[in-house]
>>> print(open('start35.tsv').read())   # TSV, C-alpha atoms
chain	number	residue	atom	x	y	z
W	1482	MET	CA	-14.95	-124.96	20.14
W	1483	THR	CA	-16.05	-127.89	22.30
W	1484	SER	CA	-14.23	-131.22	22.47
W	1485	THR	CA	-13.72	-133.24	19.31
W	1486	PRO	CA	-15.16	-136.77	19.57
W	1487	ASP	CA	-14.96	-140.01	17.66
W	1488	LEU	CA	-18.28	-140.69	15.90
W	1489	THR	CA	-19.90	-143.92	14.78
W	1490	ILE	CA	-22.97	-144.33	12.61
W	1491	SER	CA	-24.30	-147.89	12.54
W	1492	GLY	CA	-27.45	-149.13	10.84
W	1493	SER	CA	-29.37	-149.36	7.60
W	1494	ALA	CA	-31.79	-147.15	5.66
W	1495	THR	CA	-34.78	-147.75	3.42
W	1496	ILE	CA	-36.96	-145.54	1.24
W	1497	GLY	CA	-40.51	-146.71	0.66
W	1498	GLY	CA	-39.51	-150.16	1.82
W	1499	ALA	CA	-36.63	-150.40	-0.67
W	1500	THR	CA	-33.07	-150.65	0.66
W	1501	LEU	CA	-31.06	-147.45	0.35
W	1502	PHE	CA	-28.04	-148.89	2.12
W	1503	ALA	CA	-27.52	-152.23	3.86
W	1504	PRO	CA	-26.36	-152.47	7.49
W	1505	LEU	CA	-23.06	-150.68	7.88
W	1506	SER	CA	-20.84	-149.22	10.54
W	1507	LEU	CA	-18.84	-146.10	9.70
W	1508	ALA	CA	-16.35	-144.85	12.29
W	1509	LEU	CA	-15.05	-141.27	12.13
W	1510	GLY	CA	-11.81	-140.75	14.00
W	1511	ALA	CA	-11.57	-137.76	16.32
W	1512	GLY	CA	-9.66	-134.93	14.71
W	1513	GLN	CA	-9.37	-136.75	11.39
W	1514	TRP	CA	-10.71	-136.43	7.85
W	1515	THR	CA	-12.79	-139.37	6.67
W	1516	CYS	CA	-13.53	-139.36	2.93
W	1517	LEU	CA	-16.62	-141.21	1.72
W	1518	LEU	CA	-16.89	-142.06	-1.98
W	1519	GLY	CA	-19.42	-144.03	-3.99
W	1520	GLY	CA	-21.81	-143.92	-6.92
W	1521	SER	CA	-24.86	-141.68	-7.05
W	1522	GLY	CA	-27.83	-142.91	-5.06
W	1523	VAL	CA	-26.03	-145.17	-2.58
W	1524	GLY	CA	-26.85	-142.95	0.41
W	1525	LYS	CA	-23.73	-140.85	1.02
W	1526	THR	CA	-25.67	-137.61	1.47
W	1527	THR	CA	-28.21	-139.45	3.61
W	1528	VAL	CA	-25.39	-140.44	5.97
W	1529	LEU	CA	-24.32	-136.79	6.28
W	1530	ARG	CA	-27.87	-135.59	6.91
W	1531	LEU	CA	-28.50	-138.31	9.49
W	1532	ILE	CA	-25.43	-137.21	11.45
W	1533	ALA	CA	-26.53	-133.58	11.19
W	1534	GLY	CA	-30.01	-134.47	12.46
W	1535	LEU	CA	-31.71	-133.31	9.25
W	1536	ASP	CA	-34.65	-134.84	7.40
W	1537	THR	CA	-33.58	-137.41	4.81
W	1538	GLY	CA	-36.81	-138.89	3.49
W	1539	ALA	CA	-35.40	-142.30	4.48
W	1540	GLU	CA	-36.22	-144.58	7.39
W	1541	PHE	CA	-33.04	-145.20	9.37
W	1542	THR	CA	-32.71	-148.13	11.73
W	1543	GLY	CA	-29.61	-147.75	13.84
W	1544	GLN	CA	-27.76	-145.28	16.00
W	1545	ILE	CA	-25.29	-142.41	15.83
W	1546	THR	CA	-23.00	-142.12	18.82
W	1547	ALA	CA	-20.13	-139.94	19.97
W	1548	SER	CA	-17.26	-141.31	22.05
W	1549	ASP	CA	-17.86	-138.73	24.79
W	1550	GLY	CA	-21.54	-139.64	25.08
W	1551	GLN	CA	-22.66	-136.08	24.32
W	1552	PRO	CA	-25.33	-135.14	21.74
W	1553	VAL	CA	-23.98	-134.86	18.21
W	1554	THR	CA	-26.24	-132.50	16.27
W	1555	GLN	CA	-25.53	-129.40	18.37
W	1556	ARG	CA	-21.82	-129.69	17.56
W	1557	VAL	CA	-22.12	-130.06	13.78
W	1558	ALA	CA	-21.38	-127.67	10.92
W	1559	TYR	CA	-22.88	-128.92	7.64
W	1560	MET	CA	-22.18	-127.79	4.09
W	1561	ALA	CA	-24.69	-129.15	1.58
W	1562	GLN	CA	-24.14	-129.80	-2.13
W	1563	ASP	CA	-26.24	-126.74	-2.95
W	1564	ASP	CA	-24.78	-123.52	-1.56
W	1565	LEU	CA	-28.12	-122.49	0.05
W	1566	LEU	CA	-27.11	-118.83	0.10
W	1567	LEU	CA	-29.79	-116.28	0.90
W	1568	PRO	CA	-30.41	-114.54	-2.45
W	1569	TRP	CA	-31.21	-111.16	-0.86
W	1570	ALA	CA	-28.13	-111.12	1.40
W	1571	THR	CA	-24.61	-109.98	0.53
W	1572	VAL	CA	-21.52	-112.16	0.69
W	1573	ALA	CA	-20.60	-110.67	4.08
W	1574	GLN	CA	-24.12	-111.27	5.42
W	1575	ASN	CA	-24.28	-114.86	4.14
W	1576	VAL	CA	-21.00	-115.76	5.81
W	1577	LEU	CA	-22.41	-114.52	9.14
W	1578	LEU	CA	-25.75	-116.29	8.80
W	1579	GLY	CA	-25.19	-118.76	11.65
W	1580	PRO	CA	-24.27	-116.24	14.37
W	1581	ARG	CA	-27.05	-113.89	13.23
W	1582	LEU	CA	-29.71	-116.61	13.44
W	1583	ARG	CA	-28.52	-117.55	16.94
W	1584	GLY	CA	-28.52	-113.94	18.10
W	1585	GLU	CA	-24.78	-114.01	18.77
W	1586	THR	CA	-22.32	-111.17	18.35
W	1587	PRO	CA	-20.36	-112.17	15.23
W	1588	ASP	CA	-16.57	-112.25	15.09
W	1589	LEU	CA	-16.09	-109.76	12.27
W	1590	ALA	CA	-12.32	-110.14	12.26
W	1591	ARG	CA	-12.68	-113.90	11.73
W	1592	ARG	CA	-15.19	-113.29	8.95
W	1593	ASP	CA	-12.87	-110.87	7.21
W	1594	ARG	CA	-9.92	-113.29	7.45
W	1595	LEU	CA	-11.98	-116.11	5.96
W	1596	ILE	CA	-13.30	-113.93	3.14
W	1597	GLU	CA	-9.78	-112.79	2.31
W	1598	ARG	CA	-8.47	-116.36	2.33
W	1599	MET	CA	-11.33	-117.30	0.00
W	1600	ARG	CA	-10.27	-114.47	-2.33
W	1601	LEU	CA	-13.72	-112.91	-2.02
W	1602	GLN	CA	-12.74	-109.55	-0.52
W	1603	ASP	CA	-13.71	-107.73	-3.72
W	1604	HIS	CA	-17.21	-109.23	-3.58
W	1605	LEU	CA	-18.28	-108.36	-0.01
W	1606	THR	CA	-21.35	-106.35	-1.03
W	1607	LYS	CA	-22.43	-108.58	-3.91
W	1608	LYS	CA	-25.44	-110.85	-3.72
W	1609	PRO	CA	-25.42	-114.49	-4.86
W	1610	GLY	CA	-26.98	-113.67	-8.23
W	1611	GLU	CA	-23.91	-111.59	-9.07
W	1612	LEU	CA	-21.45	-114.41	-8.36
W	1613	SER	CA	-20.18	-117.37	-10.35
W	1614	GLY	CA	-20.92	-120.91	-9.19
W	1615	GLY	CA	-17.39	-121.27	-7.85
W	1616	GLN	CA	-17.62	-118.00	-5.93
W	1617	ARG	CA	-20.93	-119.04	-4.41
W	1618	GLN	CA	-19.40	-122.32	-3.28
W	1619	ARG	CA	-16.52	-120.46	-1.63
W	1620	VAL	CA	-19.02	-118.27	0.24
W	1621	ALA	CA	-20.80	-121.41	1.47
W	1622	LEU	CA	-17.47	-122.89	2.56
W	1623	ALA	CA	-16.56	-119.68	4.43
W	1624	ARG	CA	-19.95	-119.77	6.17
W	1625	THR	CA	-19.29	-123.38	7.25
W	1626	LEU	CA	-15.80	-122.60	8.55
W	1627	MET	CA	-17.21	-119.57	10.38
W	1628	GLU	CA	-19.20	-121.95	12.59
W	1629	ASP	CA	-16.00	-123.29	14.23
W	1630	ARG	CA	-17.63	-126.61	15.23
W	1631	PRO	CA	-15.81	-129.78	16.29
W	1632	ILE	CA	-17.74	-131.96	13.80
W	1633	VAL	CA	-17.81	-130.82	10.17
W	1634	LEU	CA	-19.81	-132.50	7.39
W	1635	LEU	CA	-18.92	-131.53	3.82
W	1636	ASP	CA	-20.93	-132.66	0.79
W	1637	GLU	CA	-18.95	-132.09	-2.43
W	1638	PRO	CA	-17.61	-128.75	-1.11
W	1639	PHE	CA	-15.13	-128.14	-3.94
W	1640	SER	CA	-17.05	-129.53	-6.92
W	1641	ALA	CA	-17.78	-126.18	-8.62
W	1642	LEU	CA	-14.19	-124.90	-8.44
W	1643	ASP	CA	-11.56	-124.87	-11.16
W	1644	ALA	CA	-8.53	-127.11	-10.62
W	1645	ARG	CA	-6.21	-124.45	-9.17
W	1646	THR	CA	-8.84	-122.97	-6.86
W	1647	ARG	CA	-9.96	-126.45	-5.79
W	1648	ALA	CA	-6.44	-127.32	-4.65
W	1649	ASP	CA	-6.11	-123.97	-2.85
W	1650	MET	CA	-9.44	-124.40	-1.05
W	1651	GLN	CA	-8.60	-127.98	-0.10
W	1652	ASP	CA	-5.42	-126.69	1.53
W	1653	LEU	CA	-7.33	-123.91	3.29
W	1654	ALA	CA	-10.01	-126.27	4.59
W	1655	ALA	CA	-7.41	-128.76	5.82
W	1656	GLU	CA	-5.65	-125.97	7.73
W	1657	ALA	CA	-8.82	-124.39	9.11
W	1658	LEU	CA	-10.31	-127.72	10.19
W	1659	GLN	CA	-7.20	-129.17	11.78
W	1660	GLY	CA	-8.22	-131.10	14.88
W	1661	ARG	CA	-11.87	-131.40	13.83
W	1662	THR	CA	-13.75	-134.60	13.07
W	1663	VAL	CA	-14.50	-134.18	9.36
W	1664	LEU	CA	-16.62	-136.32	7.03
W	1665	LEU	CA	-16.12	-135.38	3.38
W	1666	VAL	CA	-18.41	-136.85	0.72
W	1667	THR	CA	-16.80	-136.67	-2.70
W	1668	HIS	CA	-16.99	-138.29	-6.13
W	1669	ASP	CA	-13.35	-137.36	-6.81
W	1670	PRO	CA	-10.72	-140.06	-6.07
W	1671	ALA	CA	-7.96	-137.46	-6.36
W	1672	GLU	CA	-9.59	-135.32	-3.70
W	1673	ALA	CA	-9.97	-138.27	-1.33
W	1674	ALA	CA	-6.35	-139.26	-1.94
W	1675	ARG	CA	-5.17	-135.71	-1.10
W	1676	LEU	CA	-7.26	-135.19	2.02
W	1677	GLY	CA	-8.34	-138.52	3.50
W	1678	GLN	CA	-6.85	-139.99	6.65
W	1679	THR	CA	-9.53	-142.65	6.38
W	1680	ILE	CA	-10.97	-143.44	2.94
W	1681	VAL	CA	-14.10	-145.53	2.45
W	1682	VAL	CA	-16.10	-146.51	-0.65
W	1683	MET	CA	-19.85	-146.94	-0.09
W	1684	THR	CA	-22.22	-149.14	-2.06
W	1685	GLN	CA	-25.76	-150.35	-1.41
W	1686	HIS	CA	-24.17	-153.49	0.05
W	1687	GLY	CA	-21.83	-151.87	2.55
W	1688	LEU	CA	-18.47	-150.16	2.98
W	1689	THR	CA	-15.05	-150.99	1.53
W	1690	PRO	CA	-12.01	-149.28	3.11
W	1691	CYS	CA	-9.08	-148.10	1.00
W	1692	GLN	CA	-5.61	-147.63	2.44
W	1693	PRO	CA	-4.73	-143.91	2.47
W	1694	PRO	CA	-1.33	-142.66	1.30
W	1695	ALA	CA	1.51	-142.62	3.83
W	1696	ALA	CA	2.18	-138.87	3.56
W	1697	SER	CA	0.43	-136.43	5.86
W	1698	ALA	CA	-2.66	-134.69	4.50
W	1699	PRO	CA	-3.13	-132.46	2.63
W	1700	ARG	CA	-0.76	-134.22	0.28
W	1701	LYS	CA	1.01	-132.66	-2.67
W	1702	VAL	CA	-0.94	-132.92	-5.90
W	1703	ASP	CA	1.88	-134.95	-7.46
W	1704	ASP	CA	2.59	-137.13	-4.41
W	1705	LEU	CA	3.30	-140.63	-5.72
W	1706	GLY	CA	1.39	-142.35	-2.94
W	1707	SER	CA	-1.63	-140.14	-3.59
W	1708	LEU	CA	-1.56	-140.97	-7.29
W	1709	GLU	CA	-1.42	-144.68	-6.48
W	1710	THR	CA	-4.35	-144.36	-4.06
W	1711	GLN	CA	-6.27	-142.36	-6.66
W	1712	GLY	CA	-5.81	-145.21	-9.14
W	1713	ALA	CA	-6.84	-147.82	-6.59
W	1714	LEU	CA	-9.99	-145.87	-5.75
W	1715	LEU	CA	-10.93	-145.45	-9.39
W	1716	ARG	CA	-10.51	-149.18	-9.98
W	1717	LEU	CA	-12.63	-149.95	-6.93
W	1718	LEU	CA	-15.37	-147.54	-7.99
W	1719	ARG	CA	-15.45	-149.04	-11.49
W	1720	GLU	CA	-15.62	-152.56	-10.10
W	1721	GLU	CA	-18.51	-151.60	-7.83
W	1722	ALA	CA	-20.36	-150.02	-10.76
W	1723	ALA	CA	-19.86	-153.05	-13.03
>>> encode(input="start35.tsv", output="C-alpha cells")
Amino acid sequence: MTSTPDLTISGSATIGGATLFAPLSLALGAGQWTCLLGGSGVGKTTVLRLIAGLDTGAEFTGQITASDGQPVTQRVAYMAQDDLLLPWATVAQNVLLGPRLRGETPDLARRDRLIERMRLQDHLTKKPGELSGGQRQRVALARTLMEDRPIVLLDEPFSALDARTRADMQDLAAEALQGRTVLLVTHDPAEAARLGQTIVVMTQHGLTPCQPPAASAPRKVDDLGSLETQGALLRLLREEAA
C-alpha cells in the first residue's frame, strides 16, 4: 500500500444547469473515517464518483487534491451501492476481479482470509444469482478490501445486511481499513455514530459538521456517546428535510 494522504474536494456541481450541490469544501483526514450523510439526491454519490475519477453525469467546477500532491484516482478502491458482481463468475473469482483485470498474481491467502472473515467460505463456487442480497454485498466488500488501497470510498456498503451482520462487517471493515483514508456515504445515523471520526451532513446548500463521539471507533453499539450523536444526526437530518 502506498502512502495515505489527506484529501480535499472543493467546488460545486450542476446537472443540466440546475444546482446539484452548492460550493463546498470537504476535507478527509489521512488515516481517518469520514462519514457523509444527507437526503437522497443531494450529491453524496457524485462526490464519491468524482474522487474516484468516474463519470457522474454532472458538471463539476472545482478541484480534488491530495496533501502529498500525487494523483488520487490510481490510489482509490471504490465500492458502489450496487454490488456490480460479474454474474458468470464465482464468489472466489469476483473477489479477485481487480488483480485479474490488472494481470497481477493474486494473493490467494489474503482472498481466503477475507472470504472466511465475511463468512462466505461455504459459497466459494457459487455465482451471484445463487446468493442473497446480503451475501452479494459481503462479496463486494471483500473485493474492495482485497484492493488494499490507501483511499477507500464506500457507498452504503452495509445497507443490505441484517443488524447483527451489519455490526460484524462494520467491525471487520474498521479493522481492515485501519490507517486508510476512508469516505463512507450512509443514510444511517447509527452507522455514522459508530464509525465516523469526522461526521458531515450534506445538503444542496453545503455541509454541516457534527461532533463525533469521544470514544474510539468502531464504538460499541450501546455506547452512550454514540447514541447521543445518533440522535443529534437524526434531528439535523429532519431539520434539513423540513
>>> residues_around(input="start35.tsv", residues="Ala1655 of chain W", least_positions_apart="4", cutoff="8 Å", atoms="only C-alpha atoms", output="ChimeraX atom specification")
/W:1651,1659,1676,1698-1699
>>> atom_distance(input="start35.tsv", atom1="atom CA of Arg1719 of chain W", atom2="atom CA of Gln1618 of chain W")
28.2 Å
>>> closest_residue(input="start35.tsv", among="W:Gln1692, W:Gln1711, W:Ser1521, W:Thr1679", to="Leu1509 of chain W", atoms="all atoms listed in the file")
W:Thr1679
>>> closest_residue(input="start35.tsv", among="W:Arg1600, W:Leu1518, W:Glu1637, W:Ala1494", to="Asp1649 of chain W", atoms="all atoms listed in the file")
W:Arg1600
>>> atom_distance(input="start35.tsv", atom1="atom CA of Phe1502 of chain W", atom2="atom CA of Met1560 of chain W")
22.0 Å
>>> residues_around(input="start35.tsv", residues="Gln1685 of chain W", least_positions_apart="4", cutoff="8 Å", atoms="all atoms listed in the file", output="ChimeraX atom specification")
/W:1500-1503,1523-1524
>>> closest_residue(input="start35.tsv", among="W:Leu1589, W:Leu1531, W:Leu1505, W:Ala1674", to="Ser1697 of chain W", atoms="only C-alpha atoms")
W:Ala1674
>>> atom_distance(input="start35.tsv", atom1="atom CA of Thr1554 of chain W", atom2="atom CA of Gln1616 of chain W")
27.9 Å
>>> closest_residue(input="start35.tsv", among="W:Arg1647, W:Thr1537, W:Ala1547, W:Gly1520", to="Thr1495 of chain W", atoms="only C-alpha atoms")
W:Thr1537
>>> closest_residue(input="start35.tsv", among="W:Leu1665, W:Leu1595, W:Ala1573, W:Leu1717", to="Thr1684 of chain W", atoms="all atoms listed in the file")
W:Leu1717
>>> closest_residue(input="start35.tsv", among="W:Leu1582, W:Ala1558, W:Leu1488, W:Arg1594", to="Gln1544 of chain W", atoms="only C-alpha atoms")
W:Leu1488
>>> residues_around(input="start35.tsv", residues="Pro1670 of chain W", least_positions_apart="4", cutoff="12 Å", atoms="all atoms listed in the file", output="MDAnalysis selection string")
chainID W and resid 1516:1520 1665:1666 1674:1677 1680:1682 1691 1693 1707:1719
>>> residues_around(input="start35.tsv", residues="Trp1514 of chain W", least_positions_apart="3", cutoff="6 Å", atoms="only C-alpha atoms", output="PyMOL selection string")
chain W and resi 1663-1664+1677-1678
>>> residues_near_point(input="start35.tsv", point="(-12.8, -146.4, 12.4)", cutoff="10 Å", atoms="all atoms listed in the file", output="PyMOL selection string")
chain W and resi 1487-1489+1506-1511+1515+1679+1690
>>> residues_around(input="start35.tsv", residues="Gly1614 of chain W", least_positions_apart="2", cutoff="12 Å", atoms="only C-alpha atoms", output="list in words")
Gln1562, Asp1563, Asp1564, Leu1565, Leu1566, Pro1609, Gly1610, Glu1611, Leu1612, Gln1616, Arg1617, Gln1618, Arg1619, Val1620, Ala1621, Pro1638, Phe1639, Ser1640, Ala1641, Leu1642 and Asp1643 of chain W
>>> build_atoms(input="start35.tsv", residues="segment 1574-1585 of chain W", atoms="all heavy atoms", output="compact mmCIF listing (two decimals), keeping the file's coordinate frame")
# COMPACT_ATOMS: atom_id res chain seq x y z
N GLN W 1574 -22.97 -110.86 4.60
CA GLN W 1574 -24.12 -111.27 5.42
C GLN W 1574 -24.34 -112.78 5.38
O GLN W 1574 -24.69 -113.38 6.40
CB GLN W 1574 -25.37 -110.53 4.94
CG GLN W 1574 -25.34 -109.04 5.22
CD GLN W 1574 -26.43 -108.28 4.46
OE1 GLN W 1574 -26.93 -108.74 3.43
NE2 GLN W 1574 -26.79 -107.11 4.98
N ASN W 1575 -24.11 -113.41 4.23
CA ASN W 1575 -24.28 -114.86 4.14
C ASN W 1575 -23.25 -115.60 4.98
O ASN W 1575 -23.57 -116.61 5.61
CB ASN W 1575 -24.19 -115.30 2.68
CG ASN W 1575 -25.55 -115.36 2.00
OD1 ASN W 1575 -26.40 -116.17 2.35
ND2 ASN W 1575 -25.77 -114.48 1.02
N VAL W 1576 -22.03 -115.11 5.01
CA VAL W 1576 -21.00 -115.76 5.81
C VAL W 1576 -21.34 -115.73 7.30
O VAL W 1576 -21.03 -116.66 8.05
CB VAL W 1576 -19.62 -115.12 5.55
CG1 VAL W 1576 -18.56 -115.66 6.51
CG2 VAL W 1576 -19.18 -115.38 4.10
N LEU W 1577 -22.05 -114.69 7.72
CA LEU W 1577 -22.41 -114.52 9.14
C LEU W 1577 -23.79 -115.06 9.47
O LEU W 1577 -24.32 -114.78 10.55
CB LEU W 1577 -22.36 -113.03 9.51
CG LEU W 1577 -20.98 -112.37 9.55
CD1 LEU W 1577 -21.11 -110.90 9.90
CD2 LEU W 1577 -20.07 -113.08 10.55
N LEU W 1578 -24.38 -115.86 8.59
CA LEU W 1578 -25.75 -116.29 8.80
C LEU W 1578 -25.94 -117.03 10.12
O LEU W 1578 -26.89 -116.78 10.86
CB LEU W 1578 -26.19 -117.18 7.63
CG LEU W 1578 -27.63 -117.70 7.70
CD1 LEU W 1578 -28.63 -116.56 7.73
CD2 LEU W 1578 -27.91 -118.65 6.54
N GLY W 1579 -25.04 -117.97 10.43
CA GLY W 1579 -25.19 -118.76 11.65
C GLY W 1579 -25.24 -117.92 12.92
O GLY W 1579 -26.22 -118.00 13.69
N PRO W 1580 -24.23 -117.07 13.18
CA PRO W 1580 -24.27 -116.24 14.37
C PRO W 1580 -25.49 -115.32 14.41
O PRO W 1580 -26.08 -115.11 15.48
CB PRO W 1580 -22.96 -115.42 14.27
CG PRO W 1580 -22.06 -116.24 13.43
CD PRO W 1580 -22.95 -116.94 12.45
N ARG W 1581 -25.89 -114.78 13.26
CA ARG W 1581 -27.05 -113.89 13.23
C ARG W 1581 -28.32 -114.62 13.64
O ARG W 1581 -29.13 -114.12 14.42
CB ARG W 1581 -27.23 -113.30 11.83
CG ARG W 1581 -26.11 -112.37 11.36
CD ARG W 1581 -26.03 -111.11 12.18
NE ARG W 1581 -25.12 -110.13 11.56
CZ ARG W 1581 -24.67 -109.04 12.16
NH1 ARG W 1581 -25.03 -108.77 13.39
NH2 ARG W 1581 -23.85 -108.21 11.52
N LEU W 1582 -28.51 -115.84 13.11
CA LEU W 1582 -29.71 -116.61 13.44
C LEU W 1582 -29.74 -116.98 14.92
O LEU W 1582 -30.82 -117.08 15.52
CB LEU W 1582 -29.78 -117.87 12.59
CG LEU W 1582 -30.08 -117.67 11.10
CD1 LEU W 1582 -30.02 -119.01 10.36
CD2 LEU W 1582 -31.46 -117.03 10.90
N ARG W 1583 -28.58 -117.18 15.51
CA ARG W 1583 -28.52 -117.55 16.94
C ARG W 1583 -28.51 -116.34 17.86
O ARG W 1583 -28.48 -116.49 19.07
CB ARG W 1583 -27.27 -118.40 17.20
CG ARG W 1583 -27.31 -119.77 16.52
CD ARG W 1583 -26.15 -120.64 16.98
NE ARG W 1583 -24.87 -120.11 16.55
CZ ARG W 1583 -24.27 -120.40 15.41
NH1 ARG W 1583 -24.84 -121.23 14.56
NH2 ARG W 1583 -23.10 -119.88 15.11
N GLY W 1584 -28.52 -115.14 17.29
CA GLY W 1584 -28.52 -113.94 18.10
C GLY W 1584 -27.19 -113.66 18.77
O GLY W 1584 -27.14 -112.96 19.80
N GLU W 1585 -26.11 -114.19 18.20
CA GLU W 1585 -24.78 -114.01 18.77
C GLU W 1585 -24.09 -112.79 18.16
O GLU W 1585 -24.39 -112.40 17.02
CB GLU W 1585 -23.93 -115.25 18.53
CG GLU W 1585 -24.50 -116.52 19.13
CD GLU W 1585 -23.76 -117.77 18.66
OE1 GLU W 1585 -22.85 -117.65 17.81
OE2 GLU W 1585 -24.11 -118.86 19.15
